[in-house]
Amino acid sequence: MSDKNHLYLVDGSAYIFRAYHRLPPLTNPQGTPVGAVYGYTTMLWKLAEDLDKAVGPTHLAVILDKASHSFRNDIYDQYKANRPPAPEDLVPQFPLIRDATRAFSLPCIEEEGLEADDIIASYARAAALQGWDVTIVSSDKDLMQLVSEGGNGTGAIDMLDTMKNQRIGREEVIEKFGVGPELVGDVLALMGDSADNIPGIFGVGPKTATKLIQEHGNLTAALDSAEAMKTSKLKERLIEHRADAEMSRILVTLKEDAPLPQPLEEFRLDGVPKEPLAAFLQDHGFTSLLRRLDAGNGSPSRSTDLNPAKQDNAGADAAPQGNRQDMPEMPAVDRDAYECVQTLDRLEHWVARALAARLVAVDTETSALDAISADLVGISLALGPNDACYIPLAHGGTDMFAEKPDQVELAAAIAALKPLLESDAVLKIGQNIKYDINVLARHGIAVAPVDDTMIISFDLDAGRSEDGIGGGHGMDELAQRHLGHSCLSFKDVCGTGKKQIPFGEVPLEKATHYAAEDADVTWRLHRLLRPRLAIEGGTRVYEQVDRPLIGVVAAMEREGIKVDRAALARLSEQFATTTARIETEIHEIAGQAFTIGSPKQLGDILFDKLGYKGGRKGKSGQYSTDQAILERLAGEGAPIANKVLEYRQLTKLKSTYTDALQDKINRDTGRVHTSYSLVGAQTGRLSSTDPNLQNIPIRTEIGREIRKAFVPEAGNVLLAADYSQIELRLAAHMADVDTLKEAFAAGEDIHSRTAREMYGEVTRDTRAQAKTINFAILYGISRWGLAGRLGVEADEAQAMIDRYFERFPGIQRYIVHTLEQVRERGYSETLFGRKTWFPRINSKNQAERQGSERAAINAPIQGTSADIIKRAMARMMPALHDAGLAPKDGSGVRMLLQVHDELVFELPEGDVAAAAPVIERVMAEAALPSVILDVPLGIEIGTGDSWDAAH
DNA sequence: AAGGTCACG
DNA sequence: GACGTACGTGACCTTG
């Protein structure tokens with residue numbers, strides 16, 4: 001058993017061509033031909049099965065051709081020029097090759113301008129130089145040049161022809177070419193290659209080529225020898241076509257020093273998780289493979305035995321045989337294996353074991369859902385599968401005289417756990433650990449460092465879901481998807497509705513089953529998901545963007561923001577009076593009382609009773625009465641329309657803001673604490689709930705009254721810092737539009753500049769139109785959509801779109817390129833590597849497909865903007881601290897809110913002058929050094945005695 | 001629980 | 001020939 005690394009490089013493109021011709025024309029349930037894909041899938045399966053054998057891979061990557069131009073075309077324009085187009089029923093299988101590779105959770109490498117052979121050569125050399133053995137899974141004769149026996153610290157390189165199940169080493173190469181690998185290129189240069197349209201010497205085939213190279217030792221010597229030959233056809237041809245041979249020599253030379261798009265280390269094989277493989281097999285009707293996967297022991301590698309599903313004897317027959325014992329087995333969840341920790345002694349024992357393990361899954365149980373006000377009821381820990389415990393701390397209800405179960409005293413438990421949860425040397429894993437961080441922070445514990453399975457899942461699989469359902473990142477879903485396990489649900493334990501009991505009243509045995517299972521499952525999910533980050537290229541966004549944010553956002557939630565209750569109450573009062581009056585007026589006009597808030601009733605009144613025109617809409621058959629319709633009616637002189645609009649605005653403001661916000665003021669802190677979701681938006685944006693502080697009114701005068709109620713504490717001010725036009729700036733950079741980049745560099749008003757480019761002059765009207773079009777571009781444009789917004793005909797809107805693309809051609813290129821990439825790979829990517837998946841991008845349903853296309857155009861821009869502000873947030877408090885503005889006691893500058901492109905701070909009035917430049921710098925430089933933008937990031941900062949005044 | 005509406009970036 | 005037309009969210013109301 002060797003511990004030597006062994007890299008497998010799979011030549012995916014070559015394989016599929018051969019599989020296509022060898023296999024019957026199967027189709028999947030959707031009717032797509034999948035014969036070649038099936039062949040490819042079985043090959044990967046076989047490779048994965050070899051995982052544990054001495055010759056099996058420790059690292060593996062699939063290399064694909066990017067069907068286009070390579071440097072060889074620059075040398076020889078006829079290179080591969082005689083290739084017939086791929087067969088019609090093979091074409092749709094190309095993208096499926098990527099899907100199949102991803103289904104196996106394997107890395108997939110392709111690079112513009114490089115052929116698969118060159119990438120393979122570069123990786124093979126790099127790995128061999130590090131002493132790794134390399135196997136190239138291909139039978140391409142060009143690649144035989146790479147075969148080497150290694151030695152002297154260099155690894156060996158061989159090839160594997162999986163179709164013939166044959167290994168190709170030096171001997172096999174000599175058998176085929178008559179010369180060693182180092183001379184294969186010379187032979188190929190003479191014989192040429194009709195498939196790649198490499199000329200070689202006309203009339204010289206393998207036999208002659210081999211003979212010439214054997215005799216003369218290399219190509220140049222062979223060509224030089226021609227002069228001395230006796231007259232023959234061969235002599236003539238060698239002399240006449242010498243240049244062809246020399247060019248061919250260059251064409252067959254593999255580029256071995258190409259930059260490696262992904263480091264070798266990231267190719268480490270950590271086993272094949274059951275999902276997404278099972279879903280893929282299911283989709284394509286590969287039922288026999290699916291059965292083998294479900295059978296567990298027929299799974300493609302030992303590590304699939306990690307899935308406890310349906311394995312009653314998994315522990316028995318899945319004994320480790322391979323060379324990677326660091327991979328623990330994962331038996332089925334056994335709730336009876338959990339311990340209920342009821343003495344300090346046992347607790348200390350668990351803490352000691354966790355310190356030694358350096359990795360512990362943590363979960364807290366509380367009396368309510370809101371982390372800021374909920375009380376701690378218990379804590380569970382997991383150190384491995386079924387190796388978990390629950391530490392009850394406040395069970396037995398609130399009745400002081402009732403008999404309570406034995407529990408470790410809260411303060412003693414906190415004291416025992418604190419060194420563990422704060423230890424730099426122990427990674428704490430949680431599912432949404434921000435929640436636990438906040439709960440424990442109230443007990444004086446600063447949990448760090450952490451990993452979060454929910455966020456890891458998000459960074460891997462955002463947007464990915466079969467049919468739009470089950471794409472979430474909640475623990476029950478993840479357990480189901482990745483472990484095939486159904487967790488005890490909260491409902492099972494606490495009941496529902498009126499009969500629901502607080503967790504603290506759940507009997508200990510049941511509570512232990514539930515709570516420890518959560519920690520156990522979290523530990524298992526981490527074991528499965530964390531390695532995928534490296535394999536699938538998610539490390540960057542996780543480590544550089546999302547993970548650093550967890551503690552930062554937790555702190556913002558704890559900080560909260562002060563809201564002036566009296567001001568809100570006054571507004572509520574005022575809105576109530578006004579709406580009552582308007583309600584009466586509307587009823588008068590309608591000639592009857594009705595529920596204005598009911599779109600159904602309102603529609604009937606407007607369009608049936610009062611006879612205004614306006615069509616039905618939607619499947620519900622109901623009249624639409626939204627703002628746009630009402631504004632149209634108002635324009636046509638319907639007095640009721642404006643009143644309904646005003647009624648709607650005021651009831652909205654009252655119910656959603658002035659009433660609701662008062663209830664959200666925390667009775668202990670006197671402030672409002674929102675909860676941010678780090679996985680809320682598919683694009684990578686945060687979302688805010690309970691209350692949502694990202695949609696506080698600002699656009700209307702009356703709405704801004706609500707913003708005035710967000711205030712600083714005495715002696716402080718609020719500071720709001722906005723990125724100005726960040727999405728348009730990013731579009732200019734990403735689509736490489738010189739005109740727009742110049743405009744931003746010069747600090748121009750971007751909508752005016754757009755108007756000037758498009759219409760030649762800037763007026764209020766043209767600027768407004770240009771602004772609409774600029775946004776339309778960011779959102780994925782359609783002529784009808786734009787027409788609707790601008791109130792023009794679709795033709796005219798199309799003309800404007802054409803004009804826009806003409807003036808900013810980079811934009812069209814960006815759109816086309818983005819869509820191509822998403823169709824091919826299934827996901828879009830931000831500048832920081834955040835993926836968003838679009839499973840419906842190739843849907844046959846037009847509306848569905850076009851919807852995905854629009855979202856896919858927007859996602860890289862919106863997502864990059866989200867990445868940037870997240871990086872700014874992660875760096876903000878350290879930078880302020882370094883500037884002496886944020887002492888550890890929390891007395892200086894505090895970051896309170898994030899609203900997508902805006903950060904809100906509260907700070908002592910006297911700190912503004914010093915803090916503003918620091919905040920501005922951190923925000924402006926947030927992309928650096930990872931990404932260097934062609935446009936400056938503009939920041940606008942304001943301060944005041946309310947959130948409104950800070951704008 | 002779903003649909004309609006509307007608040008924000 | 002119909003489809004259904006701008007991206008991303010969350011909260012509230014009414015209705016079934």
# chains A, B, ... in the order shown; residues from 1 in each chain; ligands from 1
>>> select_by_dssp(residues="range 149-179 of chain A", states="strand (DSSP E)", output="MDAnalysis selection string")
chainID A and resid 157:161 166:168
>>> write_last_selection(atoms="C-alpha atoms", output="CSV table (one decimal), in the first residue's frame")
chain,number,residue,atom,x,y,z
A,157,ILE,CA,3.3,8.6,-16.8
A,158,ASP,CA,1.3,5.9,-18.4
A,159,MET,CA,-2.0,5.7,-20.3
A,160,LEU,CA,-5.1,3.7,-19.9
A,161,ASP,CA,-7.4,2.7,-22.8
A,166,GLN,CA,-5.3,-1.9,-21.7
A,167,ARG,CA,-2.5,0.0,-20.0
A,168,ILE,CA,-0.1,1.7,-22.3
>>> interface_residues(of="chain C", to="chain A", cutoff="6 Å", atoms="only C-alpha atoms (C1' of nucleotides)", output="list of chain:residue names")
C:DT5, C:DA6, C:DC7, C:DT14
>>> interface_residues(of="chain B", to="chain A", cutoff="6 Å", atoms="only C-alpha atoms (C1' of nucleotides)", output="PDB file with N, CA, C and O atoms (P, O5', C5', C4', C3', O3' and C1' of nucleotides), in the first residue's frame")
ATOM      1  P    DA B   7     -45.581  50.886  -2.553  1.00  0.00           P
ATOM      2  O5'  DA B   7     -44.132  50.788  -1.904  1.00  0.00           O
ATOM      3  C5'  DA B   7     -43.931  51.033  -0.522  1.00  0.00           C
ATOM      4  C4'  DA B   7     -42.763  50.230  -0.016  1.00  0.00           C
ATOM      5  C3'  DA B   7     -41.488  50.338  -0.849  1.00  0.00           C
ATOM      6  O3'  DA B   7     -40.785  51.533  -0.584  1.00  0.00           O
ATOM      7  C1'  DA B   7     -41.871  48.094  -0.240  1.00  0.00           C
ATOM      8  P    DC B   8     -39.885  52.195  -1.668  1.00  0.00           P
ATOM      9  O5'  DC B   8     -38.575  51.284  -1.588  1.00  0.00           O
ATOM     10  C5'  DC B   8     -37.809  51.267  -0.393  1.00  0.00           C
ATOM     11  C4'  DC B   8     -36.804  50.138  -0.448  1.00  0.00           C
ATOM     12  C3'  DC B   8     -35.805  50.224  -1.591  1.00  0.00           C
ATOM     13  O3'  DC B   8     -34.758  51.097  -1.220  1.00  0.00           O
ATOM     14  C1'  DC B   8     -36.592  47.998  -1.353  1.00  0.00           C
ATOM     15  P    DG B   9     -33.758  51.655  -2.344  1.00  0.00           P
ATOM     16  O5'  DG B   9     -32.872  50.384  -2.723  1.00  0.00           O
ATOM     17  C5'  DG B   9     -31.894  49.906  -1.821  1.00  0.00           C
ATOM     18  C4'  DG B   9     -31.141  48.756  -2.468  1.00  0.00           C
ATOM     19  C3'  DG B   9     -30.302  49.197  -3.654  1.00  0.00           C
ATOM     20  O3'  DG B   9     -29.019  48.646  -3.568  1.00  0.00           O
ATOM     21  C1'  DG B   9     -31.795  47.471  -4.299  1.00  0.00           C
TER      22       DG B   9
END
>>> residues_around(residues="Asp65 in chain A", least_positions_apart="4", cutoff="10 Å", atoms="only C-alpha atoms (C1' of nucleotides)", output="number ranges by chain")
A: 11-14, 109-119
>>> write_last_selection(atoms="N, CA and C atoms", output="mmCIF file, in the first residue's frame")
data_model
loop_
_atom_site.group_PDB
_atom_site.id
_atom_site.type_symbol
_atom_site.label_atom_id
_atom_site.label_comp_id
_atom_site.auth_asym_id
_atom_site.auth_seq_id
_atom_site.Cartn_x
_atom_site.Cartn_y
_atom_site.Cartn_z
ATOM 1 N N ASP A 11 -9.298 12.066 -20.665
ATOM 2 C CA ASP A 11 -9.496 12.802 -21.911
ATOM 3 C C ASP A 11 -10.956 12.633 -22.324
ATOM 4 N N GLY A 12 -11.805 13.501 -21.777
ATOM 5 C CA GLY A 12 -13.249 13.325 -21.919
ATOM 6 C C GLY A 12 -13.739 13.419 -23.361
ATOM 7 N N SER A 13 -13.231 14.402 -24.092
ATOM 8 C CA SER A 13 -13.750 14.623 -25.448
ATOM 9 C C SER A 13 -13.431 13.444 -26.357
ATOM 10 N N ALA A 14 -12.192 12.956 -26.266
ATOM 11 C CA ALA A 14 -11.812 11.839 -27.125
ATOM 12 C C ALA A 14 -12.670 10.623 -26.797
ATOM 13 N N ILE A 109 -11.956 20.290 -16.380
ATOM 14 C CA ILE A 109 -11.086 21.390 -16.789
ATOM 15 C C ILE A 109 -11.203 21.620 -18.283
ATOM 16 N N GLU A 110 -11.363 22.872 -18.679
ATOM 17 C CA GLU A 110 -11.289 23.222 -20.096
ATOM 18 C C GLU A 110 -10.794 24.652 -20.179
ATOM 19 N N GLU A 111 -10.022 24.949 -21.191
ATOM 20 C CA GLU A 111 -9.447 26.277 -21.303
ATOM 21 C C GLU A 111 -9.539 26.762 -22.732
ATOM 22 N N GLU A 112 -9.980 27.975 -22.881
ATOM 23 C CA GLU A 112 -10.044 28.602 -24.196
ATOM 24 C C GLU A 112 -8.634 28.638 -24.797
ATOM 25 N N GLY A 113 -8.527 28.286 -26.045
ATOM 26 C CA GLY A 113 -7.238 28.400 -26.735
ATOM 27 C C GLY A 113 -6.314 27.217 -26.522
ATOM 28 N N LEU A 114 -6.727 26.280 -25.693
ATOM 29 C CA LEU A 114 -5.889 25.106 -25.467
ATOM 30 C C LEU A 114 -6.699 23.857 -25.776
ATOM 31 N N GLU A 115 -6.059 22.907 -26.403
ATOM 32 C CA GLU A 115 -6.746 21.654 -26.626
ATOM 33 C C GLU A 115 -6.569 20.777 -25.388
ATOM 34 N N ALA A 116 -7.472 19.831 -25.290
ATOM 35 C CA ALA A 116 -7.415 18.937 -24.133
ATOM 36 C C ALA A 116 -6.022 18.321 -24.000
ATOM 37 N N ASP A 117 -5.422 17.950 -25.129
ATOM 38 C CA ASP A 117 -4.097 17.333 -25.107
ATOM 39 C C ASP A 117 -3.061 18.208 -24.398
ATOM 40 N N ASP A 118 -3.137 19.497 -24.658
ATOM 41 C CA ASP A 118 -2.144 20.405 -24.074
ATOM 42 C C ASP A 118 -2.343 20.533 -22.568
ATOM 43 N N ILE A 119 -3.601 20.603 -22.183
ATOM 44 C CA ILE A 119 -3.880 20.700 -20.742
ATOM 45 C C ILE A 119 -3.421 19.416 -20.045
#
>>> atom_distance(atom1="CA of Val134 in chain A", atom2="CA of Tyr8 in chain A")
5.8 Å
>>> atom_distance(atom1="CA of Thr579 in chain A", atom2="CA of Leu650 in chain A")
6.7 Å
>>> residues_around(residues="Asn218 in chain A", least_positions_apart="3", cutoff="10 Å", atoms="only C-alpha atoms (C1' of nucleotides)", output="list in words")
Glu182, Leu183, Val184, Gly185, Asp186, Val187, Leu212, Ile213, Gln214, Glu215, Ala221, Ala222 and Leu223 of chain A
>>> write_last_selection(atoms="all heavy atoms", output="CSV table (one decimal), in the first residue's frame")
chain,number,residue,atom,x,y,z
A,182,GLU,N,9.8,9.4,-26.6
A,182,GLU,CA,10.5,10.6,-26.9
A,182,GLU,C,10.6,10.9,-28.4
A,182,GLU,O,10.8,12.0,-28.9
A,182,GLU,CB,11.9,10.7,-26.3
A,182,GLU,CG,12.8,9.6,-26.7
A,182,GLU,CD,12.5,8.2,-26.1
A,182,GLU,OE1,11.6,8.1,-25.2
A,182,GLU,OE2,13.1,7.2,-26.5
A,183,LEU,N,10.4,9.8,-29.2
A,183,LEU,CA,10.5,10.0,-30.7
A,183,LEU,C,9.2,9.9,-31.4
A,183,LEU,O,9.1,10.0,-32.6
A,183,LEU,CB,11.5,8.9,-31.3
A,183,LEU,CG,13.0,9.2,-30.9
A,183,LEU,CD1,13.9,8.0,-31.4
A,183,LEU,CD2,13.4,10.5,-31.5
A,184,VAL,N,8.1,9.6,-30.6
A,184,VAL,CA,6.8,9.5,-31.2
A,184,VAL,C,6.5,10.7,-32.0
A,184,VAL,O,5.9,10.7,-33.1
A,184,VAL,CB,5.8,9.2,-30.1
A,184,VAL,CG1,4.4,9.4,-30.7
A,184,VAL,CG2,5.9,7.8,-29.6
A,185,GLY,N,6.8,11.9,-31.5
A,185,GLY,CA,6.5,13.2,-32.2
A,185,GLY,C,7.2,13.2,-33.5
A,185,GLY,O,6.6,13.7,-34.5
A,186,ASP,N,8.4,12.7,-33.6
A,186,ASP,CA,9.1,12.7,-34.9
A,186,ASP,C,8.4,11.8,-35.9
A,186,ASP,O,8.3,12.1,-37.1
A,186,ASP,CB,10.5,12.3,-34.7
A,186,ASP,CG,11.3,13.4,-34.0
A,186,ASP,OD1,10.7,14.4,-33.5
A,186,ASP,OD2,12.6,13.3,-33.8
A,187,VAL,N,8.0,10.6,-35.4
A,187,VAL,CA,7.3,9.7,-36.3
A,187,VAL,C,6.0,10.3,-36.8
A,187,VAL,O,5.7,10.3,-38.0
A,187,VAL,CB,7.0,8.4,-35.6
A,187,VAL,CG1,6.1,7.5,-36.5
A,187,VAL,CG2,8.3,7.7,-35.2
A,212,LEU,N,12.3,5.3,-40.9
A,212,LEU,CA,13.2,6.5,-41.1
A,212,LEU,C,13.7,7.0,-39.7
A,212,LEU,O,14.9,7.3,-39.6
A,212,LEU,CB,12.5,7.6,-41.8
A,212,LEU,CG,12.3,7.4,-43.3
A,212,LEU,CD1,11.3,8.5,-43.9
A,212,LEU,CD2,13.7,7.5,-44.0
A,213,ILE,N,12.8,7.1,-38.8
A,213,ILE,CA,13.2,7.6,-37.5
A,213,ILE,C,14.1,6.6,-36.8
A,213,ILE,O,15.2,7.0,-36.1
A,213,ILE,CB,12.0,7.9,-36.6
A,213,ILE,CG1,11.1,9.0,-37.3
A,213,ILE,CG2,12.4,8.4,-35.2
A,213,ILE,CD1,11.9,10.3,-37.5
A,214,GLN,N,13.8,5.3,-36.9
A,214,GLN,CA,14.7,4.3,-36.3
A,214,GLN,C,16.1,4.4,-36.8
A,214,GLN,O,17.1,4.3,-36.1
A,214,GLN,CB,14.1,2.9,-36.5
A,214,GLN,CG,13.0,2.5,-35.5
A,214,GLN,CD,12.4,1.2,-35.9
A,214,GLN,OE1,12.5,0.7,-37.1
A,214,GLN,NE2,11.7,0.6,-35.0
A,215,GLU,N,16.1,4.6,-38.1
A,215,GLU,CA,17.5,4.6,-38.8
A,215,GLU,C,18.3,5.8,-38.5
A,215,GLU,O,19.5,5.7,-38.2
A,215,GLU,CB,17.3,4.5,-40.3
A,215,GLU,CG,17.2,3.1,-40.9
A,215,GLU,CD,16.8,3.0,-42.3
A,215,GLU,OE1,17.1,4.0,-43.0
A,215,GLU,OE2,16.3,2.0,-42.8
A,221,ALA,N,17.5,14.6,-38.8
A,221,ALA,CA,18.5,13.7,-39.4
A,221,ALA,C,17.8,12.9,-40.5
A,221,ALA,O,18.4,12.7,-41.6
A,221,ALA,CB,19.1,12.7,-38.3
A,222,ALA,N,16.6,12.5,-40.3
A,222,ALA,CA,15.9,11.7,-41.3
A,222,ALA,C,15.7,12.5,-42.6
A,222,ALA,O,15.9,12.1,-43.7
A,222,ALA,CB,14.6,11.2,-40.8
A,223,LEU,N,15.3,13.8,-42.4
A,223,LEU,CA,15.1,14.7,-43.5
A,223,LEU,C,16.4,15.0,-44.2
A,223,LEU,O,16.5,15.0,-45.4
A,223,LEU,CB,14.4,16.0,-43.0
A,223,LEU,CG,12.9,15.8,-42.6
A,223,LEU,CD1,12.4,17.1,-41.9
A,223,LEU,CD2,12.0,15.4,-43.7
>>> residues_around(residues="range 85-101 of chain A", least_positions_apart="5", cutoff="9 Å", atoms="only C-alpha atoms (C1' of nucleotides)", output="list in words")
Gly12, Ser13, Ile16, Phe17, Tyr20, Pro25, Thr32, Pro33, Val34, Gly35, Ala36, Val37, Tyr40, Thr41, Leu44, Val62, Leu64, Leu106, Pro107, Cys108, Leu277, Phe280, Leu281, Arg823, Glu824, Arg825 and Gly826 of chain A
>>> write_last_selection(atoms="N, CA and C atoms", output="compact mmCIF listing (two decimals), in the first residue's frame")
# COMPACT_ATOMS: atom_id res chain seq x y z
N GLY A 12 -11.80 13.50 -21.78
CA GLY A 12 -13.25 13.32 -21.92
C GLY A 12 -13.74 13.42 -23.36
N SER A 13 -13.23 14.40 -24.09
CA SER A 13 -13.75 14.62 -25.45
C SER A 13 -13.43 13.44 -26.36
N ILE A 16 -15.70 10.41 -25.70
CA ILE A 16 -17.11 10.41 -26.12
C ILE A 16 -17.24 10.07 -27.61
N PHE A 17 -16.27 10.51 -28.40
CA PHE A 17 -16.32 10.15 -29.83
C PHE A 17 -16.27 8.64 -30.02
N TYR A 20 -19.39 6.90 -28.75
CA TYR A 20 -20.51 7.12 -29.65
C TYR A 20 -20.55 6.04 -30.73
N PRO A 25 -27.50 3.48 -30.02
CA PRO A 25 -28.07 4.83 -29.90
C PRO A 25 -29.18 4.90 -28.86
N THR A 32 -33.47 12.73 -25.45
CA THR A 32 -32.12 13.12 -25.86
C THR A 32 -31.27 11.87 -26.05
N PRO A 33 -30.51 11.81 -27.13
CA PRO A 33 -29.61 10.66 -27.28
C PRO A 33 -28.54 10.66 -26.20
N VAL A 34 -28.32 9.53 -25.56
CA VAL A 34 -27.38 9.49 -24.46
C VAL A 34 -26.46 8.27 -24.51
N GLY A 35 -26.38 7.63 -25.68
CA GLY A 35 -25.56 6.42 -25.79
C GLY A 35 -24.11 6.67 -25.37
N ALA A 36 -23.52 7.73 -25.91
CA ALA A 36 -22.13 8.03 -25.61
C ALA A 36 -21.98 8.45 -24.15
N VAL A 37 -22.97 9.18 -23.66
CA VAL A 37 -22.93 9.62 -22.26
C VAL A 37 -22.97 8.39 -21.34
N TYR A 40 -19.65 6.91 -21.23
CA TYR A 40 -18.76 7.76 -20.44
C TYR A 40 -19.03 7.55 -18.94
N THR A 41 -20.33 7.48 -18.61
CA THR A 41 -20.71 7.30 -17.21
C THR A 41 -20.19 5.97 -16.66
N LEU A 44 -16.46 6.32 -15.97
CA LEU A 44 -16.16 7.01 -14.71
C LEU A 44 -16.46 6.09 -13.52
N VAL A 62 -11.19 15.53 -15.17
CA VAL A 62 -11.60 15.29 -16.55
C VAL A 62 -11.21 16.52 -17.36
N LEU A 64 -11.53 18.56 -20.94
CA LEU A 64 -12.37 18.64 -22.13
C LEU A 64 -11.79 19.62 -23.14
N LEU A 106 -16.64 15.36 -9.79
CA LEU A 106 -15.25 15.39 -10.22
C LEU A 106 -14.94 16.73 -10.88
N PRO A 107 -13.71 17.21 -10.76
CA PRO A 107 -13.35 18.47 -11.42
C PRO A 107 -13.29 18.30 -12.94
N CYS A 108 -13.64 19.33 -13.63
CA CYS A 108 -13.76 19.30 -15.08
C CYS A 108 -13.00 20.52 -15.61
N LEU A 277 -25.15 12.37 -8.06
CA LEU A 277 -25.05 11.26 -9.02
C LEU A 277 -26.39 10.57 -9.23
N PHE A 280 -28.69 12.41 -11.45
CA PHE A 280 -28.24 12.36 -12.84
C PHE A 280 -28.63 11.03 -13.48
N LEU A 281 -28.36 9.94 -12.77
CA LEU A 281 -28.68 8.61 -13.32
C LEU A 281 -30.19 8.49 -13.56
N ARG A 823 -25.55 27.81 -20.67
CA ARG A 823 -26.18 26.65 -21.32
C ARG A 823 -25.25 25.45 -21.27
N GLU A 824 -23.98 25.73 -21.44
CA GLU A 824 -23.02 24.65 -21.51
C GLU A 824 -22.71 24.06 -20.13
N ARG A 825 -22.45 24.95 -19.17
CA ARG A 825 -21.99 24.47 -17.87
C ARG A 825 -23.11 24.32 -16.87
N GLY A 826 -24.21 25.02 -17.12
CA GLY A 826 -25.33 24.93 -16.20
C GLY A 826 -25.33 26.01 -15.13
>>> select_by_dssp(residues="range 502-576 of chain A", states="alpha helix (DSSP H)", output="PyMOL selection string")
chain A and resi 508-535+539-541+549-559+565-576
>>> atom_distance(atom1="CA of Ala425 in chain A", atom2="CA of Arg530 in chain A")
17.9 Å
>>> residues_around(residues="range 605-610 of chain A", least_positions_apart="6", cutoff="12 Å", atoms="only C-alpha atoms (C1' of nucleotides)", output="MDAnalysis selection string")
chainID A and resid 586:596 598:599 616 622:625 629:630 633:634 638:641 644
>>> residues_around(residues="Asp452 in chain A", least_positions_apart="4", cutoff="9 Å", atoms="only C-alpha atoms (C1' of nucleotides)", output="PyMOL selection string")
chain A and resi 428-434+456-457+522+526+547+550
>>> decode(residues="range 219-256 of chain A", atoms="C-alpha atoms", output="JSON list (two decimals), in the first residue's frame")
[["chain", "number", "residue", "atom", "x", "y", "z"],
["A", 219, "LEU", "CA", 13.29, 13.91, -37.66],
["A", 220, "THR", "CA", 15.96, 16.40, -38.74],
["A", 221, "ALA", "CA", 18.49, 13.67, -39.39],
["A", 222, "ALA", "CA", 15.90, 11.70, -41.32],
["A", 223, "LEU", "CA", 15.07, 14.68, -43.50],
["A", 224, "ASP", "CA", 18.77, 15.54, -43.96],
["A", 225, "SER", "CA", 19.42, 12.00, -45.12],
["A", 226, "ALA", "CA", 17.20, 12.47, -48.14],
["A", 227, "GLU", "CA", 19.93, 14.19, -50.20],
["A", 228, "ALA", "CA", 22.14, 11.15, -49.94],
["A", 229, "MET", "CA", 19.40, 8.69, -50.81],
["A", 230, "LYS", "CA", 19.33, 7.02, -54.11],
["A", 231, "THR", "CA", 16.70, 8.34, -56.39],
["A", 232, "SER", "CA", 13.22, 7.30, -55.40],
["A", 233, "LYS", "CA", 9.73, 8.63, -54.92],
["A", 234, "LEU", "CA", 10.50, 8.75, -51.21],
["A", 235, "LYS", "CA", 13.59, 10.89, -51.69],
["A", 236, "GLU", "CA", 11.69, 13.35, -53.84],
["A", 237, "ARG", "CA", 8.89, 13.64, -51.36],
["A", 238, "LEU", "CA", 11.18, 14.09, -48.37],
["A", 239, "ILE", "CA", 12.89, 16.96, -50.08],
["A", 240, "GLU", "CA", 9.82, 18.53, -51.58],
["A", 241, "HIS", "CA", 7.64, 18.36, -48.45],
["A", 242, "ARG", "CA", 10.34, 18.98, -45.89],
["A", 243, "ALA", "CA", 8.61, 22.16, -44.74],
["A", 244, "ASP", "CA", 5.36, 20.26, -44.22],
["A", 245, "ALA", "CA", 7.10, 17.79, -41.97],
["A", 246, "GLU", "CA", 8.77, 20.52, -39.98],
["A", 247, "MET", "CA", 5.50, 22.32, -39.47],
["A", 248, "SER", "CA", 3.85, 19.03, -38.58],
["A", 249, "ARG", "CA", 6.50, 18.51, -35.92],
["A", 250, "ILE", "CA", 5.38, 21.72, -34.29],
["A", 251, "LEU", "CA", 1.72, 20.83, -34.62],
["A", 252, "VAL", "CA", 2.13, 17.47, -32.92],
["A", 253, "THR", "CA", 4.21, 18.91, -30.11],
["A", 254, "LEU", "CA", 2.17, 19.13, -26.96],
["A", 255, "LYS", "CA", 2.26, 22.33, -24.99],
["A", 256, "GLU", "CA", 3.55, 21.21, -21.63]]
